[in-house]
Each structure stands twice: as C-alpha cells, then as structure tokens.
Amino acid sequence: MSDIIEMQILTDDNPIDMAVDFDGEFLSGVTGGEYERGYDDGTQKAYNDFWDTYQHNGERTSYAYAFYGDNWNDTTFNPKYKMQPVNANGMFDGCKSVTKPLTNDMVDFSLCNSFYQVFRDFGSRELGVIDTRKYVGVYSYTFSKCLAEKIEKIILPDMVSKNTKFNNTTFDGVRNLIYIRFEGIIGKGISLASSTKLDSGSAENILLSLNDYKGTSEEYSYTVTLPNAVWERLNAEIPSPVGDSWQAYAVNKGWNT
Amino acid sequence: MVVTYEDLTPTLIPNTTMQKMYLDGVFKVYRITANEGYVLHDSEYDIYPEYDEEGNGIGEPVLGYTQMTRTCGYNYDFAANPREFYAVPESEVPTDSIYSDTNSPEIM
C-alpha cells in the first residue's frame, strides 16, 4: 500500500490536485502549483505588509537612519516604493552589507534638505545621481568611508551658497572611488585625499568644477586636495589647459592644492 | 602659460623644503614639502568629530599629516599660520594619520 494518497478537490474553477504523505513528512502538499502559488502569495503579502508600513504606503519622507547599521543585505534591502527623502540624515550609515547599486529607480534625492552621514560606511558599490540642490548646509561625513567605486553624479546648487560646503569629512576614507562627476560649482574646499584610485576624467571634472576665484578677495582661501597619484595620472593622461600641470590650472583659478 | 619655481631659502617652516611658484612670472603660491623622514601637518587633513552649521570643527580633532606637497597662496599669513603647517618626524605620528599614495587613512 502506498504511503501517499492522492486526491482531487473539485472546485468551481480548476480542480486542485493534492498529494499527502501519511508518514508525517510533508511532501508536495498541493500539486498543480497551488501550494507554490500560495507560498508566493504569502511571501508577497509579507513583503507588502512590511514595506507598506515601513514606507508609509509610499508617502514616507523622513528616512533619517532608516537603514542604519549592518542589519540589511542585498536581499532584505528591497524597498517597494521609490524613496524621495526630505530628511536623509544617516540614511545608510553603517549599512555595509548592501552592496548592490543604489539606482535612481530606488531613490530620488531631489527633495532632500539634509545630507549628514547619509552614505557613511555604506556598502553599495555604485551610487546613482544624488541631487543636492535643496541643501544649504555642510556635507559632514556624507560619503565618509563609503565603499562606492562609482558615484554617477552629485548635483550641486547652481552657485554654492556661503554655508554650503564640503569639509574634510565629506569624502574621508573613500578609498574605492574610481568615478565621480559633479554638476554645478564647487565653491569651497574639497578633499578626496583617500581616493587614490580616482580616474583622470573624475579628477578633471572636479578641477573644472572649481569656482574661479582669480583676482577676488577669496583667492587662495580654499584648497582642493587630491592624492599625488591622481595628480600624476591626470597630468599624464589629459593635457592641462594651463601650464604643464593641472596643479597650475587650480592655482591659476585661485585655489590651493 | 609658463610655470616656474624658485627655491625658498631659508625655508619658512623648519624641516621642510619650500618653493615659490610663478605663473607667467607672477608669484602665486608657496609649495611646501616635508623633508625626508618628516611629515607635514596641514589642518586641511584634520578631522573633527562634529561640525557646526558654518563648517567649523567642534571638539578635539584627529590630526592629519601628509608626505605630499601642499600649496598656500602668496598672501598666506605665515605668522598666524591658520592651516597650522609644521613638520614632525614621521616616527612620532600614527601611521594611520598619514595621507600618501599608499596610505589613505579613514581616521574617524
């Protein structure tokens, strides 16, 4: 006698085939895909219930420390709704195990007015466009020690206001960074002292984005800091518009290096 | 544009080598490099635990040093020395506070 009994439940729609194991082991339960569909439905419901709550049915705007700490990974970090944070302070601070790209299908920073520690220690290897035009503060620890190799673009306010500035912490310890682009004007000091892998196109973009202080009262008030290796690579690969080096280009714009 | 350099002797900062950099004959910046065995402190590398809304550091900074050449403008006030340029023996500072091409600290 078989240990498995097969049965068919007749419904108004399609009949449901079941197979039940009498040895106490659950075999396939419901055949014909019903069990699998039920499992998937349950999983989807759990996903929806969690993210509907966590993201306020897509209306959440404060994502301050929302993914703080090393508690998320590439599977669990899978928001249902596109995020549009107004407050992003510490949003991904310490979120090391999320390594997948943070795309603009997932998050849009164009409404964000707070960028303190947003990507500090964040594990994502690639960050999409980060629109900071609503921000008027200091970018303290914004990218500090983040593991990104690529930051597609940081959009700055058209003219950086007096209080809007990078500081020594903004890109501190960003060791893996190879590619970055800025849109807008870098008005105050900027340091990528730890980013020895930065490619020449990125370094060129940074220098071209520096505000021109030549002949103004703020001449030589600010410093652009890049590793020697980056200067040397840039000078070897892209001719400087000024003199024989890009350091001369920065100096001619009234910047310290 | 023609770039020229002039050695500055005596140097304005002990245990460093300094040059004046000219663009088309016009003096623009000083270049400062720590001598062999020394590293240069520049407050541009210091990291504070917090910053106020103006970007000023709050609290006790972790000091940063470099083996790389730094520049400051022709108008830099060496008497006040706001960037706190000074050279110290490399052996007297923590290795993880020295910025170079082979050492990129994450000091906070």
# chains A, B, ... in the order shown; residues from 1 in each chain; ligands from 1
>>> residues_around(residues="B:Thr71", least_positions_apart="4", cutoff="10 Å", atoms="only C-alpha atoms", output="ChimeraX atom specification")
/A:220,223-225,247,251,255-257 /B:18-21,28-33,76
>>> closest_atom_pairs(of="chain B", to="chain A", cutoff="9 Å", atoms="only C-alpha atoms", output="Markdown table")
| residue | atom | partner | partner_atom | distance |
| --- | --- | --- | --- | --- |
| B:Met1 | CA | A:Gly243 | CA | 4.8 |
| B:Val2 | CA | A:Gly243 | CA | 5.5 |
| B:Val3 | CA | A:Gly243 | CA | 5.8 |
| B:Met21 | CA | A:Ala248 | CA | 8.9 |
| B:Leu23 | CA | A:Asn252 | CA | 7.6 |
| B:Lys28 | CA | A:Val251 | CA | 7.2 |
| B:Val29 | CA | A:Val251 | CA | 7.3 |
| B:Arg31 | CA | A:Thr257 | CA | 9.0 |
| B:Glu44 | CA | A:Asn168 | CA | 6.6 |
| B:Tyr45 | CA | A:Asn168 | CA | 6.3 |
| B:Asp46 | CA | A:Asn168 | CA | 7.0 |
| B:Ile47 | CA | A:Asn168 | CA | 6.2 |
| B:Tyr48 | CA | A:Thr169 | CA | 8.0 |
| B:Glu50 | CA | A:Ser140 | CA | 7.9 |
| B:Tyr51 | CA | A:Ser140 | CA | 7.0 |
| B:Asp52 | CA | A:Val138 | CA | 8.2 |
| B:Glu53 | CA | A:Gly137 | CA | 6.3 |
| B:Glu54 | CA | A:Asn163 | CA | 5.6 |
| B:Gly55 | CA | A:Val138 | CA | 5.8 |
| B:Asn56 | CA | A:Asn167 | CA | 9.0 |
| B:Met68 | CA | A:Asn228 | CA | 6.6 |
| B:Thr69 | CA | A:Asn228 | CA | 8.2 |
| B:Arg70 | CA | A:Thr257 | CA | 5.8 |
| B:Thr71 | CA | A:Thr257 | CA | 5.3 |
| B:Cys72 | CA | A:Asn256 | CA | 5.3 |
| B:Gly73 | CA | A:Tyr220 | CA | 5.0 |
| B:Tyr74 | CA | A:Tyr220 | CA | 8.1 |
| B:Asn75 | CA | A:Tyr220 | CA | 7.7 |
| B:Tyr76 | CA | A:Tyr220 | CA | 8.1 |
| B:Tyr99 | CA | A:Ala193 | CA | 6.9 |
| B:Ser100 | CA | A:Pro227 | CA | 6.6 |
| B:Asp101 | CA | A:Ala229 | CA | 5.9 |
| B:Thr102 | CA | A:Thr196 | CA | 8.0 |
| B:Asn103 | CA | A:Ser194 | CA | 7.8 |
| B:Ser104 | CA | A:Ser194 | CA | 4.4 |
| B:Pro105 | CA | A:Gly173 | CA | 5.9 |
| B:Glu106 | CA | A:Gly173 | CA | 4.1 |
| B:Ile107 | CA | A:Gly173 | CA | 7.4 |
| B:Met108 | CA | A:Asp172 | CA | 8.4 |
>>> select_by_dssp(residues="stretch 66-152 of chain A", states="strand (DSSP E)", output="PyMOL selection string")
chain A and resi 126-131+150-152
>>> write_last_selection(atoms="all heavy atoms", output="compact mmCIF listing (two decimals), in the first residue's frame")
# COMPACT_ATOMS: atom_id res chain seq x y z
N GLU A 126 27.94 51.27 -6.14
CA GLU A 126 27.60 52.25 -7.18
C GLU A 126 26.41 53.08 -6.73
O GLU A 126 25.36 52.53 -6.42
CB GLU A 126 27.30 51.51 -8.49
CG GLU A 126 27.06 52.44 -9.66
CD GLU A 126 26.88 51.67 -10.97
OE1 GLU A 126 27.41 50.55 -11.09
OE2 GLU A 126 26.20 52.20 -11.86
N LEU A 127 26.61 54.39 -6.72
CA LEU A 127 25.53 55.30 -6.35
C LEU A 127 25.10 56.06 -7.59
O LEU A 127 25.94 56.51 -8.37
CB LEU A 127 25.99 56.28 -5.27
CG LEU A 127 26.64 55.67 -4.02
CD1 LEU A 127 27.01 56.79 -3.04
CD2 LEU A 127 25.71 54.67 -3.35
N GLY A 128 23.79 56.22 -7.75
CA GLY A 128 23.26 56.95 -8.90
C GLY A 128 23.41 58.45 -8.73
O GLY A 128 24.26 58.93 -7.98
N VAL A 129 22.55 59.19 -9.40
CA VAL A 129 22.60 60.65 -9.32
C VAL A 129 22.10 61.09 -7.94
O VAL A 129 21.06 60.64 -7.48
CB VAL A 129 21.73 61.28 -10.42
CG1 VAL A 129 21.69 62.80 -10.27
CG2 VAL A 129 22.26 60.90 -11.80
N ILE A 130 22.87 61.96 -7.31
CA ILE A 130 22.50 62.49 -6.00
C ILE A 130 22.28 63.98 -6.15
O ILE A 130 23.23 64.76 -6.29
CB ILE A 130 23.60 62.18 -4.96
CG1 ILE A 130 23.80 60.66 -4.88
CG2 ILE A 130 23.22 62.74 -3.60
CD1 ILE A 130 25.08 60.26 -4.17
N ASP A 131 21.04 64.35 -6.18
CA ASP A 131 20.65 65.74 -6.41
C ASP A 131 20.58 66.46 -5.08
O ASP A 131 19.69 66.19 -4.26
CB ASP A 131 19.30 65.77 -7.13
CG ASP A 131 18.90 67.17 -7.57
OD1 ASP A 131 19.45 68.15 -7.04
OD2 ASP A 131 18.02 67.27 -8.45
N LYS A 150 31.79 53.96 -7.79
CA LYS A 150 31.27 54.94 -8.75
C LYS A 150 30.16 55.76 -8.10
O LYS A 150 29.27 55.20 -7.46
CB LYS A 150 30.71 54.22 -9.99
CG LYS A 150 30.07 55.14 -11.00
CD LYS A 150 29.58 54.39 -12.22
CE LYS A 150 28.93 55.35 -13.23
NZ LYS A 150 28.46 54.65 -14.44
N ILE A 151 30.25 57.07 -8.25
CA ILE A 151 29.16 57.97 -7.90
C ILE A 151 28.80 58.68 -9.19
O ILE A 151 29.57 59.50 -9.70
CB ILE A 151 29.56 58.97 -6.80
CG1 ILE A 151 29.97 58.21 -5.52
CG2 ILE A 151 28.42 59.94 -6.51
CD1 ILE A 151 30.51 59.10 -4.41
N GLU A 152 27.67 58.31 -9.73
CA GLU A 152 27.34 58.75 -11.09
C GLU A 152 27.37 60.27 -11.21
O GLU A 152 27.96 60.81 -12.15
CB GLU A 152 25.96 58.22 -11.48
CG GLU A 152 25.59 58.49 -12.92
CD GLU A 152 24.28 57.83 -13.30
OE1 GLU A 152 23.87 56.87 -12.62
OE2 GLU A 152 23.66 58.29 -14.27
>>> closest_residue(among="A:Asn89, A:Thr142, A:Thr99, A:Asn205", to="A:Thr61", atoms="only C-alpha atoms")
A:Asn89
>>> atom_distance(atom1="atom CA of A:Arg60", atom2="atom CA of A:Tyr81")
9.4 Å
>>> select_by_dssp(residues="chain B", states="helix (DSSP H, G or I)", output="ChimeraX atom specification")
/B:43-45,90-92,95-97
>>> write_last_selection(atoms="N, CA, C and O atoms", output="compact mmCIF listing (two decimals), in the first residue's frame")
# COMPACT_ATOMS: atom_id res chain seq x y z
N SER B 43 46.12 71.50 8.53
CA SER B 43 44.79 71.33 9.13
C SER B 43 43.73 70.92 8.12
O SER B 43 42.64 70.50 8.50
N GLU B 44 44.06 71.04 6.84
CA GLU B 44 43.12 70.57 5.82
C GLU B 44 42.89 69.05 5.93
O GLU B 44 41.94 68.52 5.37
N TYR B 45 43.77 68.36 6.63
CA TYR B 45 43.60 66.92 6.81
C TYR B 45 42.99 66.57 8.17
O TYR B 45 42.70 65.41 8.44
N GLU B 90 58.28 61.51 11.09
CA GLU B 90 57.25 60.54 10.73
C GLU B 90 57.04 59.51 11.84
O GLU B 90 55.93 59.04 12.07
N SER B 91 58.14 59.22 12.57
CA SER B 91 58.07 58.19 13.61
C SER B 91 57.24 58.64 14.82
O SER B 91 56.88 57.83 15.66
N GLU B 92 56.94 59.93 14.88
CA GLU B 92 56.23 60.46 16.06
C GLU B 92 54.72 60.55 15.88
O GLU B 92 54.02 61.02 16.78
N THR B 95 50.81 55.93 12.04
CA THR B 95 50.84 55.65 10.60
C THR B 95 49.49 55.91 9.95
O THR B 95 49.42 56.42 8.82
N ASP B 96 48.42 55.59 10.67
CA ASP B 96 47.10 55.74 10.05
C ASP B 96 46.60 57.19 10.05
O ASP B 96 45.44 57.44 9.75
N SER B 97 47.47 58.12 10.38
CA SER B 97 47.08 59.53 10.25
C SER B 97 47.85 60.22 9.13
O SER B 97 47.74 61.42 8.94
>>> residues_around(residues="A:Val98", least_positions_apart="3", cutoff="12 Å", atoms="only C-alpha atoms", output="PDB file with N, CA, C and O atoms, in the first residue's frame")
ATOM      1  N   PHE A  67      18.017  52.952   7.330  1.00  0.00           N
ATOM      2  CA  PHE A  67      18.728  51.698   7.067  1.00  0.00           C
ATOM      3  C   PHE A  67      20.068  51.687   7.808  1.00  0.00           C
ATOM      4  O   PHE A  67      21.058  51.130   7.342  1.00  0.00           O
ATOM      5  N   TYR A  68      20.045  52.299   8.962  1.00  0.00           N
ATOM      6  CA  TYR A  68      21.252  52.433   9.781  1.00  0.00           C
ATOM      7  C   TYR A  68      21.760  51.067  10.256  1.00  0.00           C
ATOM      8  O   TYR A  68      20.987  50.183  10.608  1.00  0.00           O
ATOM      9  N   GLY A  69      23.066  50.940  10.268  1.00  0.00           N
ATOM     10  CA  GLY A  69      23.673  49.745  10.845  1.00  0.00           C
ATOM     11  C   GLY A  69      23.764  48.593   9.862  1.00  0.00           C
ATOM     12  O   GLY A  69      23.163  48.606   8.789  1.00  0.00           O
ATOM     13  N   ASP A  70      24.514  47.600  10.261  1.00  0.00           N
ATOM     14  CA  ASP A  70      24.766  46.457   9.384  1.00  0.00           C
ATOM     15  C   ASP A  70      23.669  45.402   9.575  1.00  0.00           C
ATOM     16  O   ASP A  70      23.938  44.264   9.958  1.00  0.00           O
ATOM     17  N   ASN A  71      22.436  45.828   9.322  1.00  0.00           N
ATOM     18  CA  ASN A  71      21.293  44.943   9.557  1.00  0.00           C
ATOM     19  C   ASN A  71      20.541  44.579   8.291  1.00  0.00           C
ATOM     20  O   ASN A  71      19.587  43.827   8.331  1.00  0.00           O
ATOM     21  N   TRP A  72      20.989  45.130   7.173  1.00  0.00           N
ATOM     22  CA  TRP A  72      20.320  44.883   5.899  1.00  0.00           C
ATOM     23  C   TRP A  72      21.322  44.239   4.949  1.00  0.00           C
ATOM     24  O   TRP A  72      22.529  44.397   5.098  1.00  0.00           O
ATOM     25  N   ASN A  73      20.775  43.508   3.966  1.00  0.00           N
ATOM     26  CA  ASN A  73      21.644  42.958   2.933  1.00  0.00           C
ATOM     27  C   ASN A  73      20.963  43.131   1.575  1.00  0.00           C
ATOM     28  O   ASN A  73      19.881  43.729   1.489  1.00  0.00           O
ATOM     29  N   ASP A  74      21.597  42.578   0.534  1.00  0.00           N
ATOM     30  CA  ASP A  74      21.064  42.808  -0.810  1.00  0.00           C
ATOM     31  C   ASP A  74      19.691  42.177  -1.021  1.00  0.00           C
ATOM     32  O   ASP A  74      18.958  42.562  -1.942  1.00  0.00           O
ATOM     33  N   THR A  75      19.343  41.202  -0.197  1.00  0.00           N
ATOM     34  CA  THR A  75      18.016  40.581  -0.307  1.00  0.00           C
ATOM     35  C   THR A  75      16.984  41.374   0.484  1.00  0.00           C
ATOM     36  O   THR A  75      15.908  41.702  -0.027  1.00  0.00           O
ATOM     37  N   THR A  76      17.316  41.682   1.716  1.00  0.00           N
ATOM     38  CA  THR A  76      16.323  42.342   2.577  1.00  0.00           C
ATOM     39  C   THR A  76      16.132  43.816   2.221  1.00  0.00           C
ATOM     40  O   THR A  76      15.057  44.367   2.441  1.00  0.00           O
ATOM     41  N   PHE A  77      17.165  44.445   1.670  1.00  0.00           N
ATOM     42  CA  PHE A  77      17.001  45.839   1.247  1.00  0.00           C
ATOM     43  C   PHE A  77      16.391  45.854  -0.148  1.00  0.00           C
ATOM     44  O   PHE A  77      17.089  45.762  -1.161  1.00  0.00           O
ATOM     45  N   ASN A  78      15.093  45.898  -0.185  1.00  0.00           N
ATOM     46  CA  ASN A  78      14.382  45.837  -1.456  1.00  0.00           C
ATOM     47  C   ASN A  78      13.086  46.647  -1.356  1.00  0.00           C
ATOM     48  O   ASN A  78      11.983  46.095  -1.397  1.00  0.00           O
ATOM     49  N   PHE A  92      21.892  55.624   5.247  1.00  0.00           N
ATOM     50  CA  PHE A  92      22.575  54.349   5.005  1.00  0.00           C
ATOM     51  C   PHE A  92      23.830  54.214   5.869  1.00  0.00           C
ATOM     52  O   PHE A  92      24.737  53.453   5.537  1.00  0.00           O
ATOM     53  N   ASP A  93      23.869  54.929   6.954  1.00  0.00           N
ATOM     54  CA  ASP A  93      25.057  54.938   7.809  1.00  0.00           C
ATOM     55  C   ASP A  93      25.346  53.535   8.358  1.00  0.00           C
ATOM     56  O   ASP A  93      24.524  52.955   9.064  1.00  0.00           O
ATOM     57  N   GLY A  94      26.485  52.992   7.995  1.00  0.00           N
ATOM     58  CA  GLY A  94      26.884  51.679   8.502  1.00  0.00           C
ATOM     59  C   GLY A  94      26.217  50.504   7.812  1.00  0.00           C
ATOM     60  O   GLY A  94      26.400  49.357   8.228  1.00  0.00           O
ATOM     61  N   CYS A  95      25.505  50.759   6.748  1.00  0.00           N
ATOM     62  CA  CYS A  95      24.754  49.706   6.038  1.00  0.00           C
ATOM     63  C   CYS A  95      25.719  48.982   5.084  1.00  0.00           C
ATOM     64  O   CYS A  95      25.606  49.063   3.862  1.00  0.00           O
ATOM     65  N   PRO A 101      23.905  48.243  -6.530  1.00  0.00           N
ATOM     66  CA  PRO A 101      23.815  49.650  -6.905  1.00  0.00           C
ATOM     67  C   PRO A 101      22.582  50.314  -6.303  1.00  0.00           C
ATOM     68  O   PRO A 101      21.512  49.707  -6.239  1.00  0.00           O
ATOM     69  N   LEU A 102      22.771  51.539  -5.871  1.00  0.00           N
ATOM     70  CA  LEU A 102      21.647  52.353  -5.402  1.00  0.00           C
ATOM     71  C   LEU A 102      21.228  53.209  -6.582  1.00  0.00           C
ATOM     72  O   LEU A 102      21.846  54.239  -6.864  1.00  0.00           O
ATOM     73  N   PHE A 119      25.679  58.461   3.478  1.00  0.00           N
ATOM     74  CA  PHE A 119      26.273  57.259   2.891  1.00  0.00           C
ATOM     75  C   PHE A 119      27.500  56.789   3.674  1.00  0.00           C
ATOM     76  O   PHE A 119      28.299  56.010   3.161  1.00  0.00           O
ATOM     77  N   ASP A 121      29.991  54.726   5.523  1.00  0.00           N
ATOM     78  CA  ASP A 121      30.147  53.273   5.710  1.00  0.00           C
ATOM     79  C   ASP A 121      29.133  52.458   4.923  1.00  0.00           C
ATOM     80  O   ASP A 121      28.853  51.314   5.269  1.00  0.00           O
ATOM     81  N   PHE A 122      28.590  53.022   3.878  1.00  0.00           N
ATOM     82  CA  PHE A 122      27.590  52.322   3.066  1.00  0.00           C
ATOM     83  C   PHE A 122      28.310  51.370   2.106  1.00  0.00           C
ATOM     84  O   PHE A 122      29.318  51.721   1.513  1.00  0.00           O
ATOM     85  N   GLY A 123      27.772  50.163   1.935  1.00  0.00           N
ATOM     86  CA  GLY A 123      28.459  49.139   1.166  1.00  0.00           C
ATOM     87  C   GLY A 123      28.196  49.139  -0.325  1.00  0.00           C
ATOM     88  O   GLY A 123      28.875  48.426  -1.069  1.00  0.00           O
ATOM     89  N   SER A 124      27.215  49.896  -0.786  1.00  0.00           N
ATOM     90  CA  SER A 124      26.884  49.892  -2.212  1.00  0.00           C
ATOM     91  C   SER A 124      28.093  50.303  -3.035  1.00  0.00           C
ATOM     92  O   SER A 124      28.787  51.270  -2.717  1.00  0.00           O
ATOM     93  N   ARG A 125      28.330  49.565  -4.118  1.00  0.00           N
ATOM     94  CA  ARG A 125      29.493  49.859  -4.952  1.00  0.00           C
ATOM     95  C   ARG A 125      29.216  50.933  -5.989  1.00  0.00           C
ATOM     96  O   ARG A 125      30.129  51.413  -6.653  1.00  0.00           O
ATOM     97  N   GLU A 126      27.936  51.274  -6.141  1.00  0.00           N
ATOM     98  CA  GLU A 126      27.604  52.250  -7.176  1.00  0.00           C
ATOM     99  C   GLU A 126      26.406  53.083  -6.728  1.00  0.00           C
ATOM    100  O   GLU A 126      25.356  52.530  -6.418  1.00  0.00           O
ATOM    101  N   LEU A 127      26.605  54.386  -6.722  1.00  0.00           N
ATOM    102  CA  LEU A 127      25.528  55.296  -6.349  1.00  0.00           C
ATOM    103  C   LEU A 127      25.096  56.063  -7.591  1.00  0.00           C
ATOM    104  O   LEU A 127      25.936  56.508  -8.374  1.00  0.00           O
ATOM    105  N   CYS A 146      32.484  55.377   2.617  1.00  0.00           N
ATOM    106  CA  CYS A 146      31.565  54.565   1.814  1.00  0.00           C
ATOM    107  C   CYS A 146      32.391  53.756   0.802  1.00  0.00           C
ATOM    108  O   CYS A 146      33.494  54.133   0.422  1.00  0.00           O
ATOM    109  N   LEU A 147      31.871  52.620   0.400  1.00  0.00           N
ATOM    110  CA  LEU A 147      32.638  51.679  -0.410  1.00  0.00           C
ATOM    111  C   LEU A 147      32.394  51.836  -1.909  1.00  0.00           C
ATOM    112  O   LEU A 147      32.828  51.003  -2.695  1.00  0.00           O
ATOM    113  N   ALA A 148      31.720  52.894  -2.275  1.00  0.00           N
ATOM    114  CA  ALA A 148      31.361  53.073  -3.684  1.00  0.00           C
ATOM    115  C   ALA A 148      32.601  53.197  -4.571  1.00  0.00           C
ATOM    116  O   ALA A 148      33.569  53.867  -4.213  1.00  0.00           O
TER     117      ALA A 148
END
>>> atom_distance(atom1="atom CA of B:Val93", atom2="atom CA of B:Leu40")
10.6 Å
>>> residues_around(residues="stretch 36-52 of chain A", least_positions_apart="6", cutoff="8 Å", atoms="only C-alpha atoms", output="VMD selection string")
chain A and resid 58 79 to 81
